[in-house]
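Shown next: work.txt, given as compact mmCIF, C-alpha atoms and all ligand atoms.
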# COMPACT_ATOMS: atom_id res chain seq x y z
CA MET A 1 0.00 0.00 0.00
CA ASP A 2 1.04 3.52 -0.71
CA PHE A 3 2.65 5.54 2.09
CA ARG A 4 -0.37 7.90 2.11
CA THR A 5 -2.79 5.02 2.56
CA ARG A 6 -0.72 3.57 5.37
CA CYS A 7 -0.72 6.97 7.13
CA ALA A 8 -4.45 7.46 6.71
CA ARG A 9 -5.38 3.95 7.91
CA GLY A 10 -2.94 3.90 10.80
CA THR A 11 -5.39 3.86 13.68
CA GLY A 12 -3.16 1.46 15.61
CA VAL A 13 -6.08 -0.25 17.35
CA VAL A 14 -5.15 -2.96 19.83
CA ASP A 15 -7.97 -5.46 20.10
CA ASP A 16 -7.02 -6.96 23.42
CA VAL A 17 -6.53 -4.13 25.90
CA GLY A 18 -6.35 -6.50 28.89
CA HIS A 19 -8.02 -5.22 32.06
CA PRO A 20 -6.98 -1.59 32.48
CA LEU A 21 -7.72 -0.28 35.97
CA ALA A 22 -8.58 3.13 34.52
CA PRO A 23 -11.13 3.26 31.69
CA PRO A 24 -9.65 3.73 28.21
CA ILE A 25 -10.66 7.00 26.52
CA VAL A 26 -12.33 6.08 23.24
CA THR A 27 -12.37 9.34 21.31
CA ALA A 28 -13.73 7.90 18.04
CA SER A 29 -16.80 9.72 16.77
CA THR A 30 -17.72 6.71 14.63
CA PHE A 31 -17.25 2.93 14.84
CA ALA A 32 -16.57 0.46 11.99
CA PHE A 33 -18.61 -2.69 11.37
CA SER A 34 -17.19 -5.81 9.73
CA SER A 35 -20.31 -6.51 7.67
CA GLN A 36 -23.86 -5.35 7.00
CA GLN A 37 -24.99 -8.21 9.21
CA GLU A 38 -23.16 -6.62 12.10
CA VAL A 39 -24.86 -3.30 11.27
CA GLU A 40 -28.21 -5.11 11.39
CA SER A 41 -27.41 -6.65 14.76
CA TYR A 42 -26.59 -3.16 16.10
CA TYR A 43 -30.01 -1.91 15.05
CA THR A 44 -32.00 -4.96 16.08
CA GLY A 45 -30.18 -6.11 19.20
CA GLY A 46 -28.66 -2.81 20.31
CA ARG A 47 -25.21 -4.44 20.39
CA GLY A 48 -21.97 -2.62 19.60
CA TRP A 49 -21.37 1.04 18.84
CA LEU A 50 -22.36 3.16 15.86
CA TYR A 51 -21.73 6.84 16.50
CA SER A 52 -20.60 8.62 19.66
CA ARG A 53 -23.59 10.97 19.90
CA TYR A 54 -25.70 7.79 20.23
CA GLY A 55 -23.37 6.09 22.68
CA ASN A 56 -19.67 5.72 23.42
CA PRO A 57 -17.81 3.15 25.55
CA THR A 58 -16.03 5.75 27.72
CA VAL A 59 -19.26 7.67 28.33
CA ARG A 60 -21.06 4.38 28.99
CA ALA A 61 -18.53 3.34 31.63
CA ALA A 62 -19.15 6.59 33.53
CA GLU A 63 -22.93 6.19 33.09
CA ARG A 64 -22.78 2.68 34.56
CA LEU A 65 -20.89 3.97 37.58
CA LEU A 66 -23.40 6.77 38.18
CA ALA A 67 -26.35 4.36 37.83
CA GLU A 68 -24.74 2.10 40.42
CA LEU A 69 -24.10 4.99 42.83
CA GLU A 70 -27.70 6.24 42.49
CA GLY A 71 -29.20 2.74 42.74
CA ALA A 72 -30.77 3.40 39.32
CA GLN A 73 -31.51 1.01 36.47
CA GLU A 74 -30.01 3.50 34.01
CA ALA A 75 -28.09 6.76 33.84
CA ALA A 76 -27.23 9.15 31.02
CA LEU A 77 -24.55 11.82 30.82
CA PHE A 78 -24.81 15.23 29.17
CA SER A 79 -22.59 18.09 28.08
CA SER A 80 -23.74 20.24 31.06
CA GLY A 81 -26.21 20.23 33.92
CA MET A 82 -28.53 22.43 31.86
CA ALA A 83 -28.36 19.98 28.93
CA ALA A 84 -29.41 17.26 31.39
CA THR A 85 -32.26 19.41 32.73
CA SER A 86 -33.58 20.63 29.37
CA THR A 87 -33.38 17.16 27.79
CA THR A 88 -35.18 15.59 30.77
CA VAL A 89 -38.00 18.12 30.60
CA LEU A 90 -38.39 17.88 26.83
CA SER A 91 -38.46 14.07 27.06
CA LEU A 92 -41.11 13.86 29.73
CA VAL A 93 -43.39 16.87 29.16
CA ARG A 94 -45.48 17.66 26.08
CA SER A 95 -46.87 20.94 24.87
CA GLY A 96 -50.03 21.71 26.86
CA GLU A 97 -48.80 19.87 29.98
CA ARG A 98 -47.48 21.80 32.98
CA ILE A 99 -44.51 21.55 35.32
CA ALA A 100 -44.87 22.20 39.05
CA ALA A 101 -41.66 23.65 40.43
CA GLN A 102 -40.38 24.98 43.71
CA ARG A 103 -39.47 28.67 43.65
CA GLU A 104 -36.08 28.08 45.27
CA LEU A 105 -34.45 26.69 42.11
CA TYR A 106 -31.05 27.15 40.50
CA GLY A 107 -31.41 30.31 38.37
CA GLY A 108 -30.62 28.54 35.08
CA THR A 109 -33.41 26.02 35.68
CA ALA A 110 -35.84 28.78 36.71
CA GLY A 111 -34.91 30.72 33.56
CA LEU A 112 -35.55 27.67 31.34
CA PHE A 113 -38.97 27.13 32.95
CA ARG A 114 -39.92 30.83 32.95
CA ASP A 115 -38.47 32.12 29.65
CA VAL A 116 -38.00 29.20 27.25
CA LEU A 117 -40.58 26.48 27.92
CA PRO A 118 -43.67 28.76 27.58
CA ARG A 119 -42.64 29.22 23.92
CA LEU A 120 -43.18 25.47 23.52
CA GLY A 121 -46.54 25.53 25.30
CA ILE A 122 -45.19 24.30 28.65
CA GLU A 123 -46.12 26.51 31.61
CA THR A 124 -44.94 26.20 35.20
CA THR A 125 -46.95 26.29 38.43
CA TRP A 126 -44.66 27.73 41.12
CA PHE A 127 -44.84 26.89 44.81
CA ALA A 128 -42.71 27.45 47.91
CA LEU A 129 -40.58 24.67 49.39
CA ASP A 130 -42.66 24.69 52.58
CA GLU A 131 -45.82 23.99 50.55
CA ILE A 132 -44.58 20.72 49.01
CA ALA A 133 -45.88 18.33 51.66
CA GLY A 134 -49.33 19.94 51.36
CA LEU A 135 -49.56 19.83 47.55
CA THR A 136 -52.85 18.25 46.49
CA PRO A 137 -53.83 16.64 43.16
CA GLU A 138 -56.00 19.73 42.54
CA GLY A 139 -52.97 22.00 43.14
CA LEU A 140 -50.99 19.88 40.66
CA GLU A 141 -53.78 19.77 38.06
CA GLY A 142 -52.38 19.30 34.54
CA CYS A 143 -48.81 18.87 35.82
CA ARG A 144 -46.71 16.09 34.31
CA LEU A 145 -43.64 16.80 36.44
CA LEU A 146 -42.97 17.96 39.96
CA TRP A 147 -39.47 19.50 39.87
CA VAL A 148 -37.65 20.02 43.17
CA GLU A 149 -34.07 20.80 44.17
CA SER A 150 -32.48 19.75 47.46
CA PRO A 151 -30.47 21.16 49.16
CA THR A 152 -31.30 24.59 47.74
CA ASN A 153 -29.02 27.43 46.79
CA PRO A 154 -28.04 29.49 48.75
CA ALA A 155 -30.24 28.94 51.83
CA LEU A 156 -29.47 25.17 51.88
CA ARG A 157 -33.09 24.29 52.65
CA ILE A 158 -33.99 20.60 52.39
CA VAL A 159 -37.03 19.26 50.51
CA ASP A 160 -38.87 16.29 52.01
CA LEU A 161 -38.31 14.00 49.00
CA ASP A 162 -40.59 11.22 50.19
CA ALA A 163 -43.45 13.76 50.59
CA ALA A 164 -42.64 15.29 47.17
CA ALA A 165 -42.76 11.85 45.50
CA ARG A 166 -46.06 11.00 47.19
CA ALA A 167 -47.64 14.35 46.22
CA ALA A 168 -46.48 13.94 42.61
CA HIS A 169 -47.70 10.36 42.30
CA ALA A 170 -51.09 11.14 43.84
CA ALA A 171 -51.54 13.67 41.02
CA GLY A 172 -50.29 11.24 38.33
CA ALA A 173 -47.08 13.26 37.92
CA LEU A 174 -43.41 12.26 38.00
CA ALA A 175 -41.09 13.55 40.75
CA VAL A 176 -37.75 14.89 39.50
CA VAL A 177 -35.02 15.99 41.91
CA ASP A 178 -31.98 18.14 41.18
CA GLY A 179 -29.58 16.60 43.68
CA THR A 180 -26.45 18.51 42.62
CA PHE A 181 -25.59 19.86 46.11
CA ALA A 182 -25.92 16.44 47.77
CA THR A 183 -24.64 13.89 45.20
CA PRO A 184 -25.50 10.19 45.66
CA ALA A 185 -22.94 10.07 48.46
CA LEU A 186 -25.38 11.95 50.71
CA GLN A 187 -28.83 11.51 49.17
CA ARG A 188 -30.53 8.84 47.00
CA PRO A 189 -33.79 10.33 45.74
CA LEU A 190 -34.79 7.17 43.82
CA ALA A 191 -34.76 5.12 47.04
CA LEU A 192 -37.08 7.77 48.56
CA GLY A 193 -39.64 7.20 45.80
CA CYS A 194 -38.65 9.92 43.31
CA ASP A 195 -38.60 8.98 39.63
CA VAL A 196 -35.60 10.84 38.22
CA VAL A 197 -32.51 12.47 39.71
CA VAL A 198 -30.60 15.18 37.82
CA HIS A 199 -27.13 16.56 38.55
CA SER A 200 -24.80 19.24 37.38
CA GLY A 201 -21.75 16.96 37.12
CA THR A 202 -19.70 20.15 36.85
CA LYS A 203 -19.87 20.35 40.65
CA TYR A 204 -19.15 17.55 43.14
CA LEU A 205 -19.38 14.58 40.74
CA GLY A 206 -16.49 15.90 38.64
CA GLY A 207 -15.10 17.44 41.78
CA HIS A 208 -12.03 19.22 40.41
CA GLY A 209 -13.48 22.21 38.57
CA ASP A 210 -12.14 20.93 35.26
CA VAL A 211 -15.17 19.37 33.59
CA THR A 212 -18.58 20.65 32.50
CA ALA A 213 -21.13 17.83 32.59
CA GLY A 214 -24.66 16.84 33.50
CA ALA A 215 -26.25 13.57 34.57
CA VAL A 216 -29.68 11.98 34.86
CA ALA A 217 -30.61 8.65 36.47
CA GLY A 218 -33.87 6.72 36.75
CA SER A 219 -35.81 3.69 35.57
CA ARG A 220 -34.98 1.94 32.29
CA ASP A 221 -38.26 3.15 30.73
CA LEU A 222 -37.86 6.83 31.61
CA MET A 223 -34.17 6.80 30.75
CA SER A 224 -34.75 5.27 27.34
CA ALA A 225 -37.08 8.19 26.53
CA ILE A 226 -34.48 10.64 27.86
CA MET A 227 -31.65 8.99 25.90
CA ALA A 228 -33.73 9.07 22.70
CA THR A 229 -34.32 12.82 23.17
CA ARG A 230 -30.61 13.29 23.88
CA ARG A 231 -29.84 11.87 20.43
CA SER A 232 -32.12 14.48 18.86
CA LEU A 233 -31.03 17.45 20.96
CA GLY A 234 -27.40 16.38 20.81
CA GLY A 235 -26.27 17.36 24.31
CA THR A 236 -24.29 14.18 24.91
CA LEU A 237 -21.03 14.19 26.89
CA ASP A 238 -17.65 14.15 25.18
CA PRO A 239 -15.44 11.09 25.99
CA PHE A 240 -12.60 13.19 27.49
CA ALA A 241 -15.09 14.86 29.83
CA ALA A 242 -16.65 11.47 30.64
CA PHE A 243 -13.22 10.16 31.61
CA LEU A 244 -12.69 13.13 33.96
CA LEU A 245 -16.18 12.74 35.40
CA GLN A 246 -15.60 9.05 36.10
CA ARG A 247 -12.24 9.79 37.64
CA GLY A 248 -13.96 12.33 39.88
CA MET A 249 -16.74 9.92 40.87
CA ARG A 250 -14.23 7.31 41.96
CA THR A 251 -13.15 9.59 44.82
CA LEU A 252 -16.63 11.00 45.53
CA ALA A 253 -17.08 9.21 48.85
CA VAL A 254 -13.84 10.42 50.42
CA ARG A 255 -14.15 13.92 48.96
CA MET A 256 -17.67 14.36 50.32
CA GLU A 257 -16.50 13.24 53.78
CA SER A 258 -13.70 15.77 53.64
CA HIS A 259 -15.90 18.60 52.29
CA GLU A 260 -18.31 17.93 55.13
CA ARG A 261 -15.61 17.91 57.81
CA GLY A 262 -14.41 21.29 56.54
CA ALA A 263 -17.96 22.68 56.32
CA SER A 264 -18.71 21.56 59.86
CA ALA A 265 -15.58 23.27 61.21
CA VAL A 266 -16.33 26.46 59.27
CA ALA A 267 -20.03 26.56 60.24
CA ARG A 268 -19.25 26.04 63.92
CA ALA A 269 -16.49 28.67 63.90
CA LEU A 270 -18.81 31.21 62.26
CA SER A 271 -21.74 30.48 64.60
CA GLY A 272 -21.70 32.88 67.47
CA HIS A 273 -19.09 35.19 65.92
CA PRO A 274 -20.05 38.77 66.85
CA ARG A 275 -19.97 39.94 63.22
CA VAL A 276 -22.04 37.02 61.91
CA ARG A 277 -25.82 37.30 62.09
CA ARG A 278 -26.75 33.83 60.90
CA VAL A 279 -25.12 30.62 59.66
CA LEU A 280 -26.97 28.25 57.35
CA TRP A 281 -25.60 24.71 57.26
CA PRO A 282 -28.01 21.78 57.58
CA GLY A 283 -25.74 20.14 60.16
CA LEU A 284 -26.34 22.91 62.71
CA ALA A 285 -29.13 22.19 65.20
CA ASP A 286 -30.72 25.61 64.55
CA HIS A 287 -31.02 25.08 60.77
CA PRO A 288 -34.76 24.93 59.90
CA ASP A 289 -34.37 21.53 58.19
CA HIS A 290 -31.76 19.96 60.48
CA ALA A 291 -34.00 17.06 61.54
CA LEU A 292 -35.19 16.34 57.98
CA ALA A 293 -31.60 16.43 56.67
CA GLY A 294 -30.59 14.01 59.43
CA ARG A 295 -33.35 11.56 58.40
CA GLN A 296 -33.06 11.89 54.65
CA MET A 297 -29.37 12.41 54.01
CA ALA A 298 -26.18 10.52 54.87
CA GLY A 299 -24.42 13.82 55.66
CA PHE A 300 -24.92 17.58 55.61
CA GLY A 301 -22.67 18.51 52.69
CA GLY A 302 -19.90 20.96 51.99
CA MET A 303 -21.79 24.20 51.34
CA VAL A 304 -22.10 26.87 54.04
CA THR A 305 -24.00 30.15 53.75
CA PHE A 306 -23.71 32.93 56.32
CA GLU A 307 -24.88 36.47 56.78
CA VAL A 308 -22.62 39.19 58.16
CA GLU A 309 -23.40 42.47 59.88
CA GLY A 310 -23.39 45.52 57.64
CA GLY A 311 -25.47 44.31 54.68
CA ALA A 312 -24.01 44.49 51.17
CA ALA A 313 -20.96 46.52 52.28
CA GLY A 314 -20.26 44.09 55.12
CA ALA A 315 -20.45 41.10 52.75
CA GLU A 316 -18.19 42.80 50.20
CA ARG A 317 -15.62 43.59 52.86
CA VAL A 318 -15.39 39.97 54.07
CA HIS A 319 -15.47 38.65 50.50
CA ASP A 320 -12.57 40.85 49.40
CA ARG A 321 -10.50 40.14 52.51
CA LEU A 322 -10.65 36.34 52.14
CA ARG A 323 -7.43 34.91 50.77
CA LEU A 324 -7.86 31.13 50.70
CA PHE A 325 -11.38 31.20 49.26
CA ALA A 326 -11.27 31.90 45.51
CA LYS A 327 -13.84 34.48 44.46
CA ALA A 328 -15.65 32.41 41.87
CA ALA A 329 -19.01 30.99 40.80
CA SER A 330 -19.71 27.23 40.90
CA LEU A 331 -19.01 24.81 43.72
CA GLY A 332 -17.92 21.32 44.62
CA GLY A 333 -14.26 21.49 43.59
CA VAL A 334 -10.98 20.90 45.39
CA GLU A 335 -10.43 24.55 46.26
CA SER A 336 -12.75 26.59 48.48
CA LEU A 337 -14.87 29.27 46.79
CA VAL A 338 -16.78 32.29 48.04
CA SER A 339 -19.50 34.31 46.35
CA ILE A 340 -22.11 36.89 47.29
CA PRO A 341 -25.37 35.31 46.02
CA ALA A 342 -27.24 38.64 45.73
CA ARG A 343 -24.52 39.85 43.37
CA MET A 344 -23.60 36.59 41.59
CA SER A 345 -26.01 33.61 41.30
CA HIS A 346 -29.10 35.72 42.09
CA ARG A 347 -27.91 38.96 40.49
CA GLY A 348 -30.59 41.15 38.97
CA LEU A 349 -33.55 39.47 40.69
CA PRO A 350 -36.18 41.92 41.99
CA PRO A 351 -36.24 42.35 45.80
CA GLU A 352 -39.39 40.26 46.28
CA GLU A 353 -37.81 37.30 44.43
CA LEU A 354 -34.59 37.67 46.42
CA GLU A 355 -36.67 37.58 49.59
CA ARG A 356 -38.55 34.49 48.43
CA ALA A 357 -35.24 32.73 47.69
CA GLY A 358 -34.09 33.71 51.18
CA VAL A 359 -31.23 35.82 49.79
CA THR A 360 -30.13 38.89 51.77
CA PRO A 361 -27.54 41.52 50.73
CA GLY A 362 -25.20 40.53 53.58
CA MET A 363 -25.07 36.85 52.65
CA LEU A 364 -21.95 34.98 51.56
CA ARG A 365 -21.93 31.46 50.16
CA LEU A 366 -18.95 29.17 50.68
CA SER A 367 -18.09 26.00 48.80
CA VAL A 368 -15.75 24.40 51.29
CA GLY A 369 -12.92 22.64 49.47
CA LEU A 370 -10.37 20.08 50.55
CA GLU A 371 -7.91 22.41 52.31
CA SER A 372 -7.19 22.02 56.01
CA PRO A 373 -10.29 23.17 57.95
CA GLU A 374 -8.00 25.02 60.40
CA ASP A 375 -6.55 27.13 57.57
CA LEU A 376 -10.02 27.91 56.21
CA VAL A 377 -11.32 28.92 59.64
CA ALA A 378 -8.26 31.11 60.22
CA ASP A 379 -8.82 32.84 56.87
CA LEU A 380 -12.49 33.49 57.69
CA LEU A 381 -11.76 34.82 61.18
CA GLU A 382 -9.07 37.07 59.77
CA ALA A 383 -11.44 38.40 57.09
CA LEU A 384 -14.23 39.00 59.62
CA GLY A 385 -12.10 40.57 62.31
CA GLY A 386 -10.10 43.74 62.61
N1 LIG A 401 -28.42 22.58 39.06
C1 LIG A 401 -27.80 23.22 40.07
C2 LIG A 401 -28.30 23.04 41.45
C3 LIG A 401 -26.72 24.06 39.81
O1 LIG A 401 -26.10 24.70 40.83
C4 LIG A 401 -26.27 24.22 38.47
C5 LIG A 401 -25.12 25.11 38.13
O2 LIG A 401 -24.71 25.93 38.90
C6 LIG A 401 -26.95 23.54 37.45
C7 LIG A 401 -28.01 22.71 37.77
C8 LIG A 401 -26.54 23.69 36.00
O3 LIG A 401 -25.38 22.97 35.76
P1 LIG A 401 -24.31 23.36 34.61
O4 LIG A 401 -23.72 24.66 34.98
O5 LIG A 401 -23.36 22.20 34.64
O6 LIG A 401 -25.09 23.44 33.32
Is it possible to express this structure as C-alpha cells?
Ligand code: PLP
Amino acid sequence: MDFRTRCARGTGVVDDVGHPLAPPIVTASTFAFSSQQEVESYYTGGRGWLYSRYGNPTVRAAERLLAELEGAQEAALFSSGMAATSTTVLSLVRSGERIAAQRELYGGTAGLFRDVLPRLGIETTWFALDEIAGLTPEGLEGCRLLWVESPTNPALRIVDLDAAARAAHAAGALAVVDGTFATPALQRPLALGCDVVVHSGTKYLGGHGDVTAGAVAGSRDLMSAIMATRRSLGGTLDPFAAFLLQRGMRTLAVRMESHERGASAVARALSGHPRVRRVLWPGLADHPDHALAGRQMAGFGGMVTFEVEGGAAGAERVHDRLRLFAKAASLGGVESLVSIPARMSHRGLPPEELERAGVTPGMLRLSVGLESPEDLVADLLEALGG
C-alpha cells in the first residue's frame, strides 16, 4: 500500500486491551462494522457502537458507575447540567402539559422554565418549598412533572423527597429531583420514591473544577425516553469529559466526607461570631431543616451560607478580605470558593424574588474545598475581624 494510505489507515487499534484499571478513553466519533450483518445486529439487538452521539464506551462506563451509585436502572450523561435538565423536561413533558416547580431553584433552571418552555406551550406552576408536603392533586392539576431541588441554593433548605414523590404520584405526575448539592454520596432520591434524579456533574461529581457535565438517572423506561431525546437534541457528553467525570466519581465518597468535615468546622467557627448574624448549614441544630436532613441524608454537605453584619458593604468587605477562598461561581471542587449570592447567582432578581429565595444583601456562600479546615477557619476569622 502507498505511504499515504498507510498513514491514513494507521489507527493502531489494539484489540485486546487487557483489564486496564482506569477506563480507556475512546475518542472515536464513529465505529466500523465488519459486515452489514453486524450493522443489522446493532439496530435490532442494540449491540456494539455506531456513532458517539448515540453512545460511546467511555461515556457508557461513567454512566454505569453513576447508575450504580444512584441505585438506578439507568443513567445518562450530558454536556452540562442544563443539557441534562432541558433534555429531561423535553423528554417527559409535552406541549399543553405543565410543570410544578419549587421557587427556590437554580437560576438557570428557573430561567428555562420561565423564559423558554412557555414558547413550547409548557407553563410552570410555582410553589414554595414549605408547601410541598401539602400539595394536592388539585394543586398539581395538569402537571406532568414535579421539579424540586435539594439542598437549595443558597439557603441550603432541604425538601422532604418522600413527601414530594407522594404528592407527585397522587396527582399522576413524576417527581424529579436536582440533587447537585448532595450527590449520591449523601442523598438517593430514587430510594425515597422519586422517579428521576438530575445533577450538574460540573460540581461535586467531577469534583475538580475541570469538567462541564450533567447527569440523569432513573428507571430503564424513563431513561430510554431521555436517551432518545438526547440523540435528537445532541447534548451528549464528550469522551474526554466522561473520563474526567468518572475519575472524579471514583473519589466522591472520600471527597464528600472531607468537604463535610471542613464545612462543619467552618459553620461552627462562624456560629456565634459577633460579626455574623446567621449561619446556614443543615448540620447545625438551629437550621430549619436539620431534623429532615438528618433523616433523609447521609451527611450535611460541603456548602455553608452565612450572613454578616453591615449588609451588602459588610459582605463585600469579608469577600474581598478572604485569601484562601477563591472568588468564583460554581461549587464542589478541590479549592474553596466564596461568592455573594445577591450579586452573583441571584444577580438582577427583583427584591421580592430575592426575599422568596431567602437571599439577603449581607449573605456569603462558601463551597468548602479540601484544604485544612484550620486554615479555612483562620482565613475566615481574619477576614471578619479587625
Ligand atoms: N443545578 C444546580 C443546582 C446548579 O447549581 C447548576 C449550576 O450551577 C446547574 C443545575 C446547571 O449545571 P451546569 O452549569 O453544569 O449546566
Within 10 Å of ligand LIG 401 (chain A): each chain A residue with its shortest pair, all atoms listed in the file, as CSV:
residue,atom,partner,partner_atom,distance
A:Phe78,CA,A:LIG401,O5,9.0
A:Ser79,CA,A:LIG401,O5,7.8
A:Ser80,CA,A:LIG401,O5,4.1
A:Gly81,CA,A:LIG401,O3,3.4
A:Met82,CA,A:LIG401,O6,3.9
A:Ala83,CA,A:LIG401,O6,6.5
A:Ala84,CA,A:LIG401,O6,7.8
A:Thr85,CA,A:LIG401,C7,7.4
A:Ser86,CA,A:LIG401,O6,9.8
A:Leu105,CA,A:LIG401,C2,7.2
A:Tyr106,CA,A:LIG401,C2,5.0
A:Gly107,CA,A:LIG401,C3,7.9
A:Gly108,CA,A:LIG401,C8,6.4
A:Thr109,CA,A:LIG401,C7,6.7
A:Ala110,CA,A:LIG401,N1,10.0
A:Val148,CA,A:LIG401,C2,10.0
A:Glu149,CA,A:LIG401,C2,6.8
A:Ser150,CA,A:LIG401,C2,8.0
A:Pro151,CA,A:LIG401,C2,8.2
A:Thr152,CA,A:LIG401,C2,7.1
A:Asn153,CA,A:LIG401,C2,7.0
A:Pro154,CA,A:LIG401,O1,9.5
A:Val177,CA,A:LIG401,C2,9.8
A:Asp178,CA,A:LIG401,N1,6.1
A:Gly179,CA,A:LIG401,C2,6.9
A:Thr180,CA,A:LIG401,C2,5.0
A:Phe181,CA,A:LIG401,C2,6.3
A:Ala182,CA,A:LIG401,C2,9.4
A:Val198,CA,A:LIG401,N1,7.8
A:His199,CA,A:LIG401,N1,6.2
A:Ser200,CA,A:LIG401,O3,4.1
A:Gly201,CA,A:LIG401,O5,6.0
A:Thr202,CA,A:LIG401,O5,4.7
A:Lys203,CA,A:LIG401,O5,7.2
A:Val211,CA,A:LIG401,O5,8.7
A:Thr212,CA,A:LIG401,O5,5.5
A:Ala213,CA,A:LIG401,O5,5.3
A:Gly214,CA,A:LIG401,O5,5.6
A:Ala215,CA,A:LIG401,O5,9.1
A:Ala329,CA,A:LIG401,O2,7.9
A:Ser330,CA,A:LIG401,O2,5.5
A:Leu331,CA,A:LIG401,O2,7.5
A:Gly332,CA,A:LIG401,O1,9.6
A:Ser345,CA,A:LIG401,O2,8.2
### Test item: residues at most 7 Å from stretch 48-55 of chain A, only C-alpha atoms, excluding those fewer than 6 positions along its chain, as an MDAnalysis selection string
chainID A and resid 29:31 42 231 234 236
So which residues are close to (-26.9, 40.1, 41.8), meaning at most 12 Å away in the file's coordinates with only C-alpha atoms counted, and can you show them as a PDB file with C-alpha atoms, in the coordinates of the input?
ATOM      1  CA  GLY A 107     -31.410  30.310  38.370  1.00  0.00           C
ATOM      2  CA  ALA A 312     -24.010  44.490  51.170  1.00  0.00           C
ATOM      3  CA  SER A 339     -19.500  34.310  46.350  1.00  0.00           C
ATOM      4  CA  ILE A 340     -22.110  36.890  47.290  1.00  0.00           C
ATOM      5  CA  PRO A 341     -25.370  35.310  46.020  1.00  0.00           C
ATOM      6  CA  ALA A 342     -27.240  38.640  45.730  1.00  0.00           C
ATOM      7  CA  ARG A 343     -24.520  39.850  43.370  1.00  0.00           C
ATOM      8  CA  MET A 344     -23.600  36.590  41.590  1.00  0.00           C
ATOM      9  CA  SER A 345     -26.010  33.610  41.300  1.00  0.00           C
ATOM     10  CA  HIS A 346     -29.100  35.720  42.090  1.00  0.00           C
ATOM     11  CA  ARG A 347     -27.910  38.960  40.490  1.00  0.00           C
ATOM     12  CA  GLY A 348     -30.590  41.150  38.970  1.00  0.00           C
ATOM     13  CA  LEU A 349     -33.550  39.470  40.690  1.00  0.00           C
ATOM     14  CA  PRO A 350     -36.180  41.920  41.990  1.00  0.00           C
ATOM     15  CA  PRO A 351     -36.240  42.350  45.800  1.00  0.00           C
ATOM     16  CA  GLU A 353     -37.810  37.300  44.430  1.00  0.00           C
ATOM     17  CA  LEU A 354     -34.590  37.670  46.420  1.00  0.00           C
ATOM     18  CA  VAL A 359     -31.230  35.820  49.790  1.00  0.00           C
ATOM     19  CA  THR A 360     -30.130  38.890  51.770  1.00  0.00           C
ATOM     20  CA  PRO A 361     -27.540  41.520  50.730  1.00  0.00           C
ATOM     21  CA  GLY A 362     -25.200  40.530  53.580  1.00  0.00           C
ATOM     22  CA  MET A 363     -25.070  36.850  52.650  1.00  0.00           C
TER      23      MET A 363
END
### Message
Residues within 8 Å of A:Cys194, please, as a list in words. Count only C-alpha atoms; anything in the same chain fewer than 3 positions from it doesn't count.
### Response
Leu161, Asp162, Ala164, Ala165, Leu174, Ala175, Val176, Val177, Pro189, Leu190, Ala191 and Val197 of chain A
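You can rank A:Val276, A:Leu92, A:Leu129, A:Met1 by their closest distance to A:Gly358 using all atoms listed in the file, and at the top of that list sits A:Leu129.
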### Query
Do you know which residues are at most 9 Å from A:Ser91 counting all atoms listed in the file, after dropping those on the same chain fewer than 2 positions away, and could you put them as a list in words?
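Near neighbours after the sequence-gap exclusion: Ser86, Thr87, Thr88, Val89, Val93, Arg94, Leu222, Ala225, Ile226, Met227, Ala228, Thr229 and Arg230 of chain A.
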### Task
Can you work out the spacing between atom CA of A:Leu145 and atom CA of A:Ala293 in Å, to one decimal?
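Computing it gives 23.5 Å between the two atoms.
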### Message
Using all atoms listed in the file and a cutoff of 7 Å, can you tell me which residues are near (-39.0, 26.2, 57.7) in the file's coordinates, and write them out as a list in words?
### Response
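With a cut-off of 7 Å, the residues come to Asp130, Pro288 and Asp289 of chain A.
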Would you save the residues from that selection as a PDB file, in the coordinates of the input, using C-alpha atoms?
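So the final result, stored in part-v4.pdb, reads:
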ATOM      1  CA  ASP A 130     -42.660  24.690  52.580  1.00  0.00           C
ATOM      2  CA  PRO A 288     -34.760  24.930  59.900  1.00  0.00           C
ATOM      3  CA  ASP A 289     -34.370  21.530  58.190  1.00  0.00           C
TER       4      ASP A 289
END
### Query
Of the candidates A:His273, A:Arg317, A:Arg220, A:His287, which shows the shortest atom-to-atom distance to A:Gln73, using only C-alpha atoms?
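Closest candidate: A:Arg220.
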#### Entry: Best match for closeness to A:Pro24 among A:Leu186, A:Val266, A:Ala328, A:Ala242, counting only C-alpha atoms
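Looking only at the distances to A:Pro24, the closest residue turns out to be A:Ala242.
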### Task
Quick one: pull the distance between atom CA of A:Ser271 and atom CA of A:Met297, Å, one decimal.
22.3 Å
### Of the listed residues A:Val216, A:Val334, A:Leu366, A:Leu376, that which approaches A:Met303 most closely, counting all atoms listed in the file
A:Leu366
### Query
Excluding same-chain residues fewer than 4 positions from A:Ala170, what lies within 12 Å of it counting all atoms listed in the file, as a PyMOL selection string?
chain A and resi 133-141+143-146+163-166+174-175
Export C-alpha atoms of the chosen residues as a PDB file, in the coordinates of the input?
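Heads up, here's the output in selection_30.pdb:
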ATOM      1  CA  ALA A 133     -45.880  18.330  51.660  1.00  0.00           C
ATOM      2  CA  GLY A 134     -49.330  19.940  51.360  1.00  0.00           C
ATOM      3  CA  LEU A 135     -49.560  19.830  47.550  1.00  0.00           C
ATOM      4  CA  THR A 136     -52.850  18.250  46.490  1.00  0.00           C
ATOM      5  CA  PRO A 137     -53.830  16.640  43.160  1.00  0.00           C
ATOM      6  CA  GLU A 138     -56.000  19.730  42.540  1.00  0.00           C
ATOM      7  CA  GLY A 139     -52.970  22.000  43.140  1.00  0.00           C
ATOM      8  CA  LEU A 140     -50.990  19.880  40.660  1.00  0.00           C
ATOM      9  CA  GLU A 141     -53.780  19.770  38.060  1.00  0.00           C
ATOM     10  CA  CYS A 143     -48.810  18.870  35.820  1.00  0.00           C
ATOM     11  CA  ARG A 144     -46.710  16.090  34.310  1.00  0.00           C
ATOM     12  CA  LEU A 145     -43.640  16.800  36.440  1.00  0.00           C
ATOM     13  CA  LEU A 146     -42.970  17.960  39.960  1.00  0.00           C
ATOM     14  CA  ALA A 163     -43.450  13.760  50.590  1.00  0.00           C
ATOM     15  CA  ALA A 164     -42.640  15.290  47.170  1.00  0.00           C
ATOM     16  CA  ALA A 165     -42.760  11.850  45.500  1.00  0.00           C
ATOM     17  CA  ARG A 166     -46.060  11.000  47.190  1.00  0.00           C
ATOM     18  CA  LEU A 174     -43.410  12.260  38.000  1.00  0.00           C
ATOM     19  CA  ALA A 175     -41.090  13.550  40.750  1.00  0.00           C
TER      20      ALA A 175
END
